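> final.cif (mmCIF, C-alpha atoms, pLDDT in the B column; chains and numbers go by the auth columns) pasted underneath:
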data_protein
loop_
_atom_site.group_PDB
_atom_site.id
_atom_site.type_symbol
_atom_site.label_atom_id
_atom_site.label_comp_id
_atom_site.label_asym_id
_atom_site.label_seq_id
_atom_site.Cartn_x
_atom_site.Cartn_y
_atom_site.Cartn_z
_atom_site.B_iso_or_equiv
_atom_site.auth_seq_id
_atom_site.auth_asym_id
ATOM 1 C CA MET A 1 -68.761 124.013 71.398 40.00 1 A
ATOM 2 C CA SER A 2 -71.795 125.606 69.762 41.00 2 A
ATOM 3 C CA PRO A 3 -71.522 128.810 67.726 43.00 3 A
ATOM 4 C CA VAL A 4 -72.634 131.922 69.602 41.00 4 A
ATOM 5 C CA GLY A 5 -76.366 132.436 69.135 43.00 5 A
ATOM 6 C CA ALA A 6 -77.020 128.946 67.742 47.00 6 A
ATOM 7 C CA LEU A 7 -79.805 126.900 69.267 57.00 7 A
ATOM 8 C CA THR A 8 -78.106 123.753 70.525 61.00 8 A
ATOM 9 C CA GLN A 9 -80.181 120.601 70.582 81.00 9 A
ATOM 10 C CA LEU A 10 -77.540 118.102 71.702 90.00 10 A
ATOM 11 C CA ASP A 11 -73.946 118.304 72.904 93.00 11 A
ATOM 12 C CA VAL A 12 -71.986 115.051 72.889 95.00 12 A
ATOM 13 C CA SER A 13 -68.671 114.719 74.716 96.00 13 A
ATOM 14 C CA VAL A 14 -67.353 111.208 75.329 96.00 14 A
ATOM 15 C CA LEU A 15 -63.941 111.393 76.924 97.00 15 A
ATOM 16 C CA ARG A 16 -63.592 107.624 77.095 96.00 16 A
ATOM 17 C CA LYS A 17 -65.670 104.478 76.699 96.00 17 A
ATOM 18 C CA THR A 18 -64.104 101.121 77.541 95.00 18 A
ATOM 19 C CA TYR A 19 -65.239 97.530 77.890 90.00 19 A
ATOM 20 C CA GLN A 20 -63.824 94.303 79.237 88.00 20 A
ATOM 21 C CA THR A 21 -63.089 91.439 76.851 86.00 21 A
ATOM 22 C CA ALA A 22 -63.793 87.805 77.737 87.00 22 A
ATOM 23 C CA ALA A 23 -60.073 87.489 78.450 87.00 23 A
ATOM 24 C CA GLY A 24 -60.267 90.310 80.983 87.00 24 A
ATOM 25 C CA GLU A 25 -58.507 92.898 78.818 89.00 25 A
ATOM 26 C CA THR A 26 -59.678 96.530 78.756 92.00 26 A
ATOM 27 C CA ARG A 27 -60.434 97.890 75.283 91.00 27 A
ATOM 28 C CA THR A 28 -61.122 101.554 74.529 95.00 28 A
ATOM 29 C CA VAL A 29 -63.900 102.063 71.977 94.00 29 A
ATOM 30 C CA LEU A 30 -64.351 105.860 72.050 96.00 30 A
ATOM 31 C CA ARG A 31 -61.930 108.573 73.149 95.00 31 A
ATOM 32 C CA ASP A 32 -62.139 112.371 73.035 96.00 32 A
ATOM 33 C CA LEU A 33 -65.180 112.221 70.775 96.00 33 A
ATOM 34 C CA ALA A 34 -67.205 115.418 70.683 95.00 34 A
ATOM 35 C CA PHE A 35 -69.749 117.147 68.460 94.00 35 A
ATOM 36 C CA THR A 36 -72.855 119.310 68.647 93.00 36 A
ATOM 37 C CA LEU A 37 -76.183 119.023 66.842 92.00 37 A
ATOM 38 C CA GLN A 38 -78.156 122.176 66.166 91.00 38 A
ATOM 39 C CA ALA A 39 -81.937 122.312 66.350 89.00 39 A
ATOM 40 C CA GLY A 40 -83.536 120.887 63.216 89.00 40 A
ATOM 41 C CA GLU A 41 -80.238 119.658 61.784 91.00 41 A
ATOM 42 C CA VAL A 42 -79.855 116.290 60.049 93.00 42 A
ATOM 43 C CA CYS A 43 -76.409 114.837 60.606 94.00 43 A
ATOM 44 C CA ALA A 44 -74.925 111.606 59.224 95.00 44 A
ATOM 45 C CA LEU A 45 -72.256 109.623 61.048 95.00 45 A
ATOM 46 C CA ILE A 46 -69.879 107.546 58.936 93.00 46 A
ATOM 47 C CA GLY A 47 -66.910 105.480 60.058 88.00 47 A
ATOM 48 C CA PRO A 48 -65.105 102.175 59.590 85.00 48 A
ATOM 49 C CA SER A 49 -66.907 98.978 60.564 84.00 49 A
ATOM 50 C CA GLY A 50 -66.470 98.219 64.254 84.00 50 A
ATOM 51 C CA SER A 51 -65.419 101.775 65.091 86.00 51 A
ATOM 52 C CA GLY A 52 -68.035 102.122 67.834 89.00 52 A
ATOM 53 C CA LYS A 53 -70.875 103.936 66.075 91.00 53 A
ATOM 54 C CA THR A 54 -73.615 101.804 67.629 91.00 54 A
ATOM 55 C CA THR A 55 -71.957 102.146 71.036 93.00 55 A
ATOM 56 C CA LEU A 56 -72.046 105.913 70.633 94.00 56 A
ATOM 57 C CA LEU A 57 -75.752 105.892 69.741 93.00 57 A
ATOM 58 C CA ARG A 58 -76.559 103.737 72.774 92.00 58 A
ATOM 59 C CA ILE A 59 -74.748 106.255 74.969 94.00 59 A
ATOM 60 C CA MET A 60 -76.668 109.133 73.382 92.00 60 A
ATOM 61 C CA ALA A 61 -79.966 107.307 73.935 90.00 61 A
ATOM 62 C CA GLY A 62 -79.163 106.680 77.607 90.00 62 A
ATOM 63 C CA LEU A 63 -78.969 102.908 77.124 92.00 63 A
ATOM 64 C CA ASP A 64 -75.296 102.838 78.131 94.00 64 A
ATOM 65 C CA THR A 65 -74.272 105.037 81.047 94.00 65 A
ATOM 66 C CA ASP A 66 -70.906 103.404 81.724 94.00 66 A
ATOM 67 C CA PHE A 67 -68.662 106.014 80.087 95.00 67 A
ATOM 68 C CA GLU A 68 -66.652 109.112 80.919 96.00 68 A
ATOM 69 C CA GLY A 69 -68.124 112.327 79.540 96.00 69 A
ATOM 70 C CA THR A 70 -71.446 114.098 79.148 95.00 70 A
ATOM 71 C CA ILE A 71 -74.479 114.068 76.883 94.00 71 A
ATOM 72 C CA THR A 72 -76.305 117.378 77.227 91.00 72 A
ATOM 73 C CA GLN A 73 -79.663 118.378 75.803 88.00 73 A
ATOM 74 C CA PRO A 74 -82.311 120.910 76.845 83.00 74 A
ATOM 75 C CA PRO A 75 -84.684 119.651 79.557 85.00 75 A
ATOM 76 C CA HIS A 76 -88.051 118.104 78.736 84.00 76 A
ATOM 77 C CA GLN A 77 -86.980 117.087 75.246 88.00 77 A
ATOM 78 C CA LYS A 78 -87.673 113.625 73.878 90.00 78 A
ATOM 79 C CA LEU A 79 -85.160 111.393 72.118 92.00 79 A
ATOM 80 C CA ALA A 80 -86.267 108.419 70.019 93.00 80 A
ATOM 81 C CA MET A 81 -84.051 105.694 68.572 93.00 81 A
ATOM 82 C CA VAL A 82 -84.532 103.422 65.555 93.00 82 A
ATOM 83 C CA PHE A 83 -82.366 100.311 65.800 91.00 83 A
ATOM 84 C CA GLN A 84 -80.854 98.227 62.996 88.00 84 A
ATOM 85 C CA GLU A 85 -83.526 95.592 63.670 89.00 85 A
ATOM 86 C CA PRO A 86 -87.202 96.645 63.958 91.00 86 A
ATOM 87 C CA ARG A 87 -87.516 95.080 67.456 93.00 87 A
ATOM 88 C CA LEU A 88 -91.296 94.681 67.370 95.00 88 A
ATOM 89 C CA LEU A 89 -93.263 92.601 69.869 96.00 89 A
ATOM 90 C CA PRO A 90 -94.483 89.599 67.836 96.00 90 A
ATOM 91 C CA TRP A 91 -97.682 89.158 69.870 97.00 91 A
ATOM 92 C CA ARG A 92 -98.813 92.754 69.280 97.00 92 A
ATOM 93 C CA THR A 93 -100.329 94.199 66.110 97.00 93 A
ATOM 94 C CA VAL A 94 -98.681 97.018 64.182 97.00 94 A
ATOM 95 C CA LEU A 95 -100.916 99.626 65.818 96.00 95 A
ATOM 96 C CA GLN A 96 -100.405 98.114 69.265 97.00 96 A
ATOM 97 C CA ASN A 97 -96.621 98.189 68.826 96.00 97 A
ATOM 98 C CA ILE A 98 -96.805 101.870 67.939 96.00 98 A
ATOM 99 C CA ARG A 99 -99.238 102.632 70.759 95.00 99 A
ATOM 100 C CA LEU A 100 -96.952 100.992 73.331 94.00 100 A
ATOM 101 C CA ALA A 101 -94.378 103.706 72.690 92.00 101 A
ATOM 102 C CA ALA A 102 -96.932 106.514 72.492 93.00 102 A
ATOM 103 C CA PRO A 103 -100.060 105.602 74.494 92.00 103 A
ATOM 104 C CA GLN A 104 -101.198 109.233 74.643 90.00 104 A
ATOM 105 C CA ALA A 105 -100.637 109.975 70.951 91.00 105 A
ATOM 106 C CA ASP A 106 -103.355 111.839 69.105 93.00 106 A
ATOM 107 C CA PRO A 107 -105.184 109.438 66.724 93.00 107 A
ATOM 108 C CA ALA A 108 -105.103 112.008 63.931 94.00 108 A
ATOM 109 C CA ASP A 109 -101.336 112.386 64.284 93.00 109 A
ATOM 110 C CA LEU A 110 -100.855 108.609 64.283 94.00 110 A
ATOM 111 C CA LYS A 111 -102.977 108.351 61.154 94.00 111 A
ATOM 112 C CA GLN A 112 -100.865 110.981 59.419 93.00 112 A
ATOM 113 C CA ILE A 113 -97.662 109.116 60.312 93.00 113 A
ATOM 114 C CA THR A 114 -98.903 105.661 59.363 94.00 114 A
ATOM 115 C CA ASP A 115 -100.491 106.921 56.149 93.00 115 A
ATOM 116 C CA SER A 116 -97.251 108.682 55.178 90.00 116 A
ATOM 117 C CA LEU A 117 -95.313 105.464 55.748 92.00 117 A
ATOM 118 C CA GLY A 118 -97.746 103.290 53.811 91.00 118 A
ATOM 119 C CA LEU A 119 -99.004 101.391 56.855 94.00 119 A
ATOM 120 C CA ALA A 120 -102.731 102.215 56.671 94.00 120 A
ATOM 121 C CA ASP A 121 -103.664 98.742 55.400 95.00 121 A
ATOM 122 C CA HIS A 122 -101.410 96.874 57.831 96.00 122 A
ATOM 123 C CA LEU A 123 -102.341 98.248 61.262 97.00 123 A
ATOM 124 C CA THR A 124 -104.019 94.994 62.351 97.00 124 A
ATOM 125 C CA PHE A 125 -101.177 92.789 61.069 97.00 125 A
ATOM 126 C CA PHE A 126 -98.740 91.074 63.426 97.00 126 A
ATOM 127 C CA PRO A 127 -94.954 91.465 62.877 96.00 127 A
ATOM 128 C CA GLY A 128 -94.653 87.906 61.574 96.00 128 A
ATOM 129 C CA GLU A 129 -96.972 88.852 58.705 97.00 129 A
ATOM 130 C CA LEU A 130 -94.823 91.797 57.607 95.00 130 A
ATOM 131 C CA SER A 131 -91.976 92.049 55.134 93.00 131 A
ATOM 132 C CA LEU A 132 -88.723 93.543 56.418 91.00 132 A
ATOM 133 C CA GLY A 133 -89.548 96.799 54.638 91.00 133 A
ATOM 134 C CA LEU A 134 -92.938 97.079 56.345 94.00 134 A
ATOM 135 C CA ALA A 135 -91.433 96.167 59.727 94.00 135 A
ATOM 136 C CA ARG A 136 -88.894 98.965 59.262 92.00 136 A
ATOM 137 C CA ARG A 137 -91.744 101.359 58.514 93.00 137 A
ATOM 138 C CA VAL A 138 -93.388 100.348 61.796 95.00 138 A
ATOM 139 C CA SER A 139 -90.174 101.066 63.708 95.00 139 A
ATOM 140 C CA PHE A 140 -90.058 104.535 62.093 94.00 140 A
ATOM 141 C CA ALA A 141 -93.708 105.145 62.979 95.00 141 A
ATOM 142 C CA ARG A 142 -93.140 104.019 66.572 96.00 142 A
ATOM 143 C CA ALA A 143 -90.249 106.478 66.960 94.00 143 A
ATOM 144 C CA LEU A 144 -92.110 109.384 65.340 94.00 144 A
ATOM 145 C CA ALA A 145 -95.298 108.746 67.318 94.00 145 A
ATOM 146 C CA ILE A 146 -93.759 110.074 70.529 94.00 146 A
ATOM 147 C CA LYS A 147 -93.089 113.399 68.750 92.00 147 A
ATOM 148 C CA PRO A 148 -89.342 113.334 69.409 92.00 148 A
ATOM 149 C CA ASP A 149 -87.201 116.440 69.417 92.00 149 A
ATOM 150 C CA ILE A 150 -84.198 114.275 68.551 93.00 150 A
ATOM 151 C CA LEU A 151 -84.229 111.153 66.375 94.00 151 A
ATOM 152 C CA VAL A 152 -81.292 108.731 66.331 94.00 152 A
ATOM 153 C CA LEU A 153 -81.151 106.009 63.661 94.00 153 A
ATOM 154 C CA ASP A 154 -78.687 103.110 63.507 93.00 154 A
ATOM 155 C CA GLU A 155 -78.396 102.016 59.852 91.00 155 A
ATOM 156 C CA PRO A 156 -82.193 101.888 59.421 88.00 156 A
ATOM 157 C CA PHE A 157 -82.060 100.790 55.761 87.00 157 A
ATOM 158 C CA VAL A 158 -79.509 97.983 56.104 84.00 158 A
ATOM 159 C CA SER A 159 -80.360 94.633 54.420 81.00 159 A
ATOM 160 C CA LEU A 160 -82.988 96.224 52.163 81.00 160 A
ATOM 161 C CA ASP A 161 -82.779 96.112 48.374 84.00 161 A
ATOM 162 C CA ASN A 162 -81.740 99.412 46.838 85.00 162 A
ATOM 163 C CA SER A 163 -85.119 100.464 45.416 85.00 163 A
ATOM 164 C CA LEU A 164 -86.899 99.851 48.724 84.00 164 A
ATOM 165 C CA ALA A 165 -84.148 101.579 50.699 86.00 165 A
ATOM 166 C CA VAL A 166 -84.433 104.649 48.465 86.00 166 A
ATOM 167 C CA ARG A 167 -88.223 104.726 48.861 86.00 167 A
ATOM 168 C CA LEU A 168 -88.042 104.429 52.667 86.00 168 A
ATOM 169 C CA ARG A 169 -85.286 107.027 52.764 86.00 169 A
ATOM 170 C CA ASP A 170 -87.502 109.473 50.870 87.00 170 A
ATOM 171 C CA GLU A 171 -90.470 108.817 53.170 87.00 171 A
ATOM 172 C CA LEU A 172 -88.369 109.296 56.297 86.00 172 A
ATOM 173 C CA ALA A 173 -86.709 112.458 54.957 86.00 173 A
ATOM 174 C CA THR A 174 -90.107 113.996 54.204 88.00 174 A
ATOM 175 C CA LEU A 175 -91.427 113.284 57.711 88.00 175 A
ATOM 176 C CA VAL A 176 -88.275 114.502 59.469 88.00 176 A
ATOM 177 C CA GLU A 177 -88.231 117.734 57.476 87.00 177 A
ATOM 178 C CA ALA A 178 -91.958 118.367 57.981 87.00 178 A
ATOM 179 C CA ARG A 179 -91.640 117.876 61.741 87.00 179 A
ATOM 180 C CA HIS A 180 -88.300 119.727 62.114 89.00 180 A
ATOM 181 C CA ILE A 181 -86.727 116.864 64.039 92.00 181 A
ATOM 182 C CA THR A 182 -83.040 117.046 64.908 93.00 182 A
ATOM 183 C CA THR A 183 -81.685 113.807 63.460 94.00 183 A
ATOM 184 C CA LEU A 184 -78.511 111.744 63.641 95.00 184 A
ATOM 185 C CA ILE A 185 -78.248 108.760 61.304 94.00 185 A
ATOM 186 C CA VAL A 186 -75.486 106.158 61.177 94.00 186 A
ATOM 187 C CA THR A 187 -74.929 104.787 57.693 91.00 187 A
ATOM 188 C CA HIS A 188 -72.283 103.055 55.575 87.00 188 A
ATOM 189 C CA ASP A 189 -73.889 104.380 52.379 87.00 189 A
ATOM 190 C CA VAL A 190 -72.096 107.580 51.387 88.00 190 A
ATOM 191 C CA GLU A 191 -74.721 108.621 48.825 86.00 191 A
ATOM 192 C CA GLU A 192 -77.424 108.073 51.444 88.00 192 A
ATOM 193 C CA ALA A 193 -75.548 110.382 53.824 90.00 193 A
ATOM 194 C CA ILE A 194 -75.201 113.049 51.109 88.00 194 A
ATOM 195 C CA TYR A 195 -78.908 112.803 50.285 87.00 195 A
ATOM 196 C CA LEU A 196 -80.173 112.956 53.872 89.00 196 A
ATOM 197 C CA ALA A 197 -77.707 115.060 55.839 91.00 197 A
ATOM 198 C CA ASP A 198 -76.915 118.722 56.289 91.00 198 A
ATOM 199 C CA ARG A 199 -73.546 117.628 57.669 93.00 199 A
ATOM 200 C CA ILE A 200 -71.461 114.447 57.624 94.00 200 A
ATOM 201 C CA LEU A 201 -69.247 113.525 60.575 95.00 201 A
ATOM 202 C CA MET A 202 -66.378 111.117 59.915 92.00 202 A
ATOM 203 C CA LEU A 203 -65.103 108.812 62.653 93.00 203 A
ATOM 204 C CA SER A 204 -61.678 107.236 62.962 90.00 204 A
ATOM 205 C CA THR A 205 -60.952 103.615 63.791 89.00 205 A
ATOM 206 C CA LYS A 206 -60.953 102.583 67.464 88.00 206 A
ATOM 207 C CA PRO A 207 -60.716 104.406 69.714 92.00 207 A
ATOM 208 C CA ALA A 208 -63.135 106.458 67.625 93.00 208 A
ATOM 209 C CA ARG A 209 -63.110 110.248 67.467 93.00 209 A
ATOM 210 C CA VAL A 210 -64.396 112.776 64.963 94.00 210 A
ATOM 211 C CA ILE A 211 -61.678 113.325 62.345 92.00 211 A
ATOM 212 C CA ALA A 212 -63.549 115.395 59.748 91.00 212 A
ATOM 213 C CA GLU A 213 -66.763 117.293 59.078 92.00 213 A
ATOM 214 C CA ILE A 214 -68.294 117.826 55.647 91.00 214 A
ATOM 215 C CA LYS A 215 -71.151 120.281 55.146 90.00 215 A
ATOM 216 C CA ILE A 216 -73.682 119.554 52.416 87.00 216 A
ATOM 217 C CA ASP A 217 -74.870 122.464 50.292 75.00 217 A
ATOM 218 C CA LYS A 218 -78.585 123.210 50.116 68.00 218 A
ATOM 219 C CA PRO A 219 -80.919 122.677 48.433 65.00 219 A
ATOM 220 C CA ARG A 220 -79.753 119.067 48.065 64.00 220 A
ATOM 221 C CA HIS A 221 -82.108 118.305 45.184 67.00 221 A
ATOM 222 C CA ALA A 222 -80.300 120.945 43.147 70.00 222 A
ATOM 223 C CA MET A 223 -76.900 119.279 43.530 75.00 223 A
ATOM 224 C CA THR A 224 -75.301 118.103 40.300 78.00 224 A
ATOM 225 C CA GLU A 225 -73.892 114.629 39.773 82.00 225 A
ATOM 226 C CA ALA A 226 -70.439 116.187 39.729 84.00 226 A
ATOM 227 C CA GLN A 227 -70.994 117.742 43.180 82.00 227 A
ATOM 228 C CA VAL A 228 -72.230 114.449 44.611 82.00 228 A
ATOM 229 C CA ALA A 229 -69.263 112.612 43.086 87.00 229 A
ATOM 230 C CA ARG A 230 -66.841 115.160 44.560 86.00 230 A
ATOM 231 C CA ILE A 231 -68.268 114.805 48.075 86.00 231 A
ATOM 232 C CA LYS A 232 -68.400 111.026 47.775 85.00 232 A
ATOM 233 C CA GLY A 233 -64.763 110.940 46.693 88.00 233 A
ATOM 234 C CA GLU A 234 -63.781 113.128 49.641 85.00 234 A
ATOM 235 C CA VAL A 235 -65.591 110.866 52.120 85.00 235 A
ATOM 236 C CA ILE A 236 -64.112 107.674 50.655 82.00 236 A
ATOM 237 C CA GLN A 237 -60.628 109.199 50.739 82.00 237 A
ATOM 238 C CA LEU A 238 -61.039 110.092 54.419 79.00 238 A
ATOM 239 C CA LEU A 239 -62.344 106.593 55.203 77.00 239 A
ATOM 240 C CA THR A 240 -59.379 105.036 53.408 75.00 240 A
ATOM 241 C CA LYS A 241 -56.927 107.197 55.357 72.00 241 A
ATOM 242 C CA SER A 242 -58.626 106.397 58.675 67.00 242 A
ATOM 243 C CA THR A 243 -58.237 102.644 58.145 66.00 243 A
ATOM 244 C CA ALA A 244 -54.714 102.756 56.709 59.00 244 A
#
Render the structure in this file as structure tokens.

Amino acid sequence: MSPVGALTQLDVSVLRKTYQTAAGETRTVLRDLAFTLQAGEVCALIGPSGSGKTTLLRIMAGLDTDFEGTITQPPHQKLAMVFQEPRLLPWRTVLQNIRLAAPQADPADLKQITDSLGLADHLTFFPGELSLGLARRVSFARALAIKPDILVLDEPFVSLDNSLAVRLRDELATLVEARHITTLIVTHDVEEAIYLADRILMLSTKPARVIAEIKIDKPRHAMTEAQVARIKGEVIQLLTKSTA
């Protein structure tokens, strides 16, 4: 539950999520999984591979309604999702792909987003002409263009080289902070979670549930290497225990 007086942006309570295997067996992916996001908070979700993190995000985004539980957010709020793959329409230009998600977006706001993400010179390009890094930038721009209250990201920097991932991470963090967007990001990169998040949620193996919560001290840029190493060690220890 939310603390008294806190402005809740999203309450997640998944009592159970199951699926049928090809052999007809019932497998439980999520069970008794619950957490709350506060308005403007950036939260990172970390857990073992195959623990159901993507399934959870699909439920939160309303793409999977076959589960027991509730996802509660204030009315008239917008949720945007950035998938692991950019998922751009190949026959549409960069600007057209963004406009499809936000046809009523203010041109000045779109310009600010695309300029911030380094897309100003690529708006007339088609997805096939883009590098993976640029395509990821377009997927960020598309999500931000709708002016979401809540942003959900599923490993948005996966498969990128480290220097590019760090640069994109910085660009995204700046935009999210400037726009006060409540954000949940799934990542396997512990340092990335420490850099981006106000709070880290740790998931168990299947059936996944929240087993630990780690709060990150602010301001993050003032954290020492020793503090980062301590938090990283704590997260890795919890991950090791959860898979033992």
> I want to know what sits within 7 Å of range 101-106 of chain A, based on only C-alpha atoms, with residues of the same chain fewer than 2 positions away left out; could you give that as JSON, numbers by chain?
{"A": [98, 99, 108, 109, 110, 142, 145, 146]}
> So what do you get for CA of Glu41 in chain A versus CA of Val166 in chain A, distance-wise?
20.5 Å
> Hey, can you check how far CA of Ala61 in chain A sits from CA of Ala80 in chain A?
7.5 Å
> How close does range 47-139 of chain A get to range 152-164 of chain A? List, as a Markdown table, each residue of range 47-139 of chain A within 7 Å, its nearest atom pair and the distance in Å to one decimal, counting all atoms listed in the file.

| residue | atom | partner | partner_atom | distance |
| --- | --- | --- | --- | --- |
| A:Thr54 | CA | A:Asp154 | CA | 6.7 |
| A:Ala80 | CA | A:Val152 | CA | 6.2 |
| A:Met81 | CA | A:Val152 | CA | 4.7 |
| A:Val82 | CA | A:Leu153 | CA | 4.7 |
| A:Phe83 | CA | A:Asp154 | CA | 5.2 |
| A:Gln84 | CA | A:Pro156 | CA | 5.3 |
> Given the selection you just returned, output its residues as a file containing C-alpha atoms, formatted as an mmCIF file, keeping the file's coordinate frame.

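Full text of again25.cif as output:
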data_model
loop_
_atom_site.group_PDB
_atom_site.id
_atom_site.type_symbol
_atom_site.label_atom_id
_atom_site.label_comp_id
_atom_site.auth_asym_id
_atom_site.auth_seq_id
_atom_site.Cartn_x
_atom_site.Cartn_y
_atom_site.Cartn_z
ATOM 1 C CA THR A 54 -73.615 101.804 67.629
ATOM 2 C CA ALA A 80 -86.267 108.419 70.019
ATOM 3 C CA MET A 81 -84.051 105.694 68.572
ATOM 4 C CA VAL A 82 -84.532 103.422 65.555
ATOM 5 C CA PHE A 83 -82.366 100.311 65.800
ATOM 6 C CA GLN A 84 -80.854 98.227 62.996
#
> From the set A:Leu184, A:Leu88, A:Ala178, A:Val190, which residue has the shortest atom-to-atom contact distance to Gln112 in chain A, counting only C-alpha atoms?
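Answer, going by the shortest atom-to-atom distance: A:Ala178.
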> Which one is closest to Ile46 in chain A: A:Leu144, A:Ala120, A:Leu15, A:Leu201? Count only C-alpha atoms.
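Checking each candidate against Ile46 in chain A, we get A:Leu201 as the closest.
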> Would you write out, as a PDB file with C-alpha atoms, in the frame of the given file, every residue that the PyMOL selection byres ((chain A and resi 64-79) around 10) captures in this file?

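As written to disk, expr_4.pdb reads:
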ATOM      1  CA  LEU A   7     -79.805 126.900  69.267  1.00 57.00           C
ATOM      2  CA  THR A   8     -78.106 123.753  70.525  1.00 61.00           C
ATOM      3  CA  GLN A   9     -80.181 120.601  70.582  1.00 81.00           C
ATOM      4  CA  LEU A  10     -77.540 118.102  71.702  1.00 90.00           C
ATOM      5  CA  ASP A  11     -73.946 118.304  72.904  1.00 93.00           C
ATOM      6  CA  VAL A  12     -71.986 115.051  72.889  1.00 95.00           C
ATOM      7  CA  SER A  13     -68.671 114.719  74.716  1.00 96.00           C
ATOM      8  CA  VAL A  14     -67.353 111.208  75.329  1.00 96.00           C
ATOM      9  CA  LEU A  15     -63.941 111.393  76.924  1.00 97.00           C
ATOM     10  CA  ARG A  16     -63.592 107.624  77.095  1.00 96.00           C
ATOM     11  CA  LYS A  17     -65.670 104.478  76.699  1.00 96.00           C
ATOM     12  CA  THR A  18     -64.104 101.121  77.541  1.00 95.00           C
ATOM     13  CA  TYR A  19     -65.239  97.530  77.890  1.00 90.00           C
ATOM     14  CA  LEU A  30     -64.351 105.860  72.050  1.00 96.00           C
ATOM     15  CA  ARG A  31     -61.930 108.573  73.149  1.00 95.00           C
ATOM     16  CA  ASP A  32     -62.139 112.371  73.035  1.00 96.00           C
ATOM     17  CA  LEU A  33     -65.180 112.221  70.775  1.00 96.00           C
ATOM     18  CA  ALA A  34     -67.205 115.418  70.683  1.00 95.00           C
ATOM     19  CA  THR A  36     -72.855 119.310  68.647  1.00 93.00           C
ATOM     20  CA  LEU A  37     -76.183 119.023  66.842  1.00 92.00           C
ATOM     21  CA  THR A  55     -71.957 102.146  71.036  1.00 93.00           C
ATOM     22  CA  LEU A  56     -72.046 105.913  70.633  1.00 94.00           C
ATOM     23  CA  LEU A  57     -75.752 105.892  69.741  1.00 93.00           C
ATOM     24  CA  ARG A  58     -76.559 103.737  72.774  1.00 92.00           C
ATOM     25  CA  ILE A  59     -74.748 106.255  74.969  1.00 94.00           C
ATOM     26  CA  MET A  60     -76.668 109.133  73.382  1.00 92.00           C
ATOM     27  CA  ALA A  61     -79.966 107.307  73.935  1.00 90.00           C
ATOM     28  CA  GLY A  62     -79.163 106.680  77.607  1.00 90.00           C
ATOM     29  CA  LEU A  63     -78.969 102.908  77.124  1.00 92.00           C
ATOM     30  CA  ALA A  80     -86.267 108.419  70.019  1.00 93.00           C
ATOM     31  CA  MET A  81     -84.051 105.694  68.572  1.00 93.00           C
ATOM     32  CA  ALA A 143     -90.249 106.478  66.960  1.00 94.00           C
ATOM     33  CA  LEU A 144     -92.110 109.384  65.340  1.00 94.00           C
ATOM     34  CA  ILE A 146     -93.759 110.074  70.529  1.00 94.00           C
ATOM     35  CA  LYS A 147     -93.089 113.399  68.750  1.00 92.00           C
ATOM     36  CA  PRO A 148     -89.342 113.334  69.409  1.00 92.00           C
ATOM     37  CA  ASP A 149     -87.201 116.440  69.417  1.00 92.00           C
ATOM     38  CA  ILE A 150     -84.198 114.275  68.551  1.00 93.00           C
ATOM     39  CA  LEU A 151     -84.229 111.153  66.375  1.00 94.00           C
ATOM     40  CA  VAL A 152     -81.292 108.731  66.331  1.00 94.00           C
ATOM     41  CA  ILE A 181     -86.727 116.864  64.039  1.00 92.00           C
ATOM     42  CA  THR A 182     -83.040 117.046  64.908  1.00 93.00           C
ATOM     43  CA  THR A 183     -81.685 113.807  63.460  1.00 94.00           C
TER      44      THR A 183
END
> My list of candidates is A:Thr93, A:Leu203, A:Leu100, A:Lys111. Which is closest to Leu123 in chain A when distances are computed with only C-alpha atoms?
A:Thr93
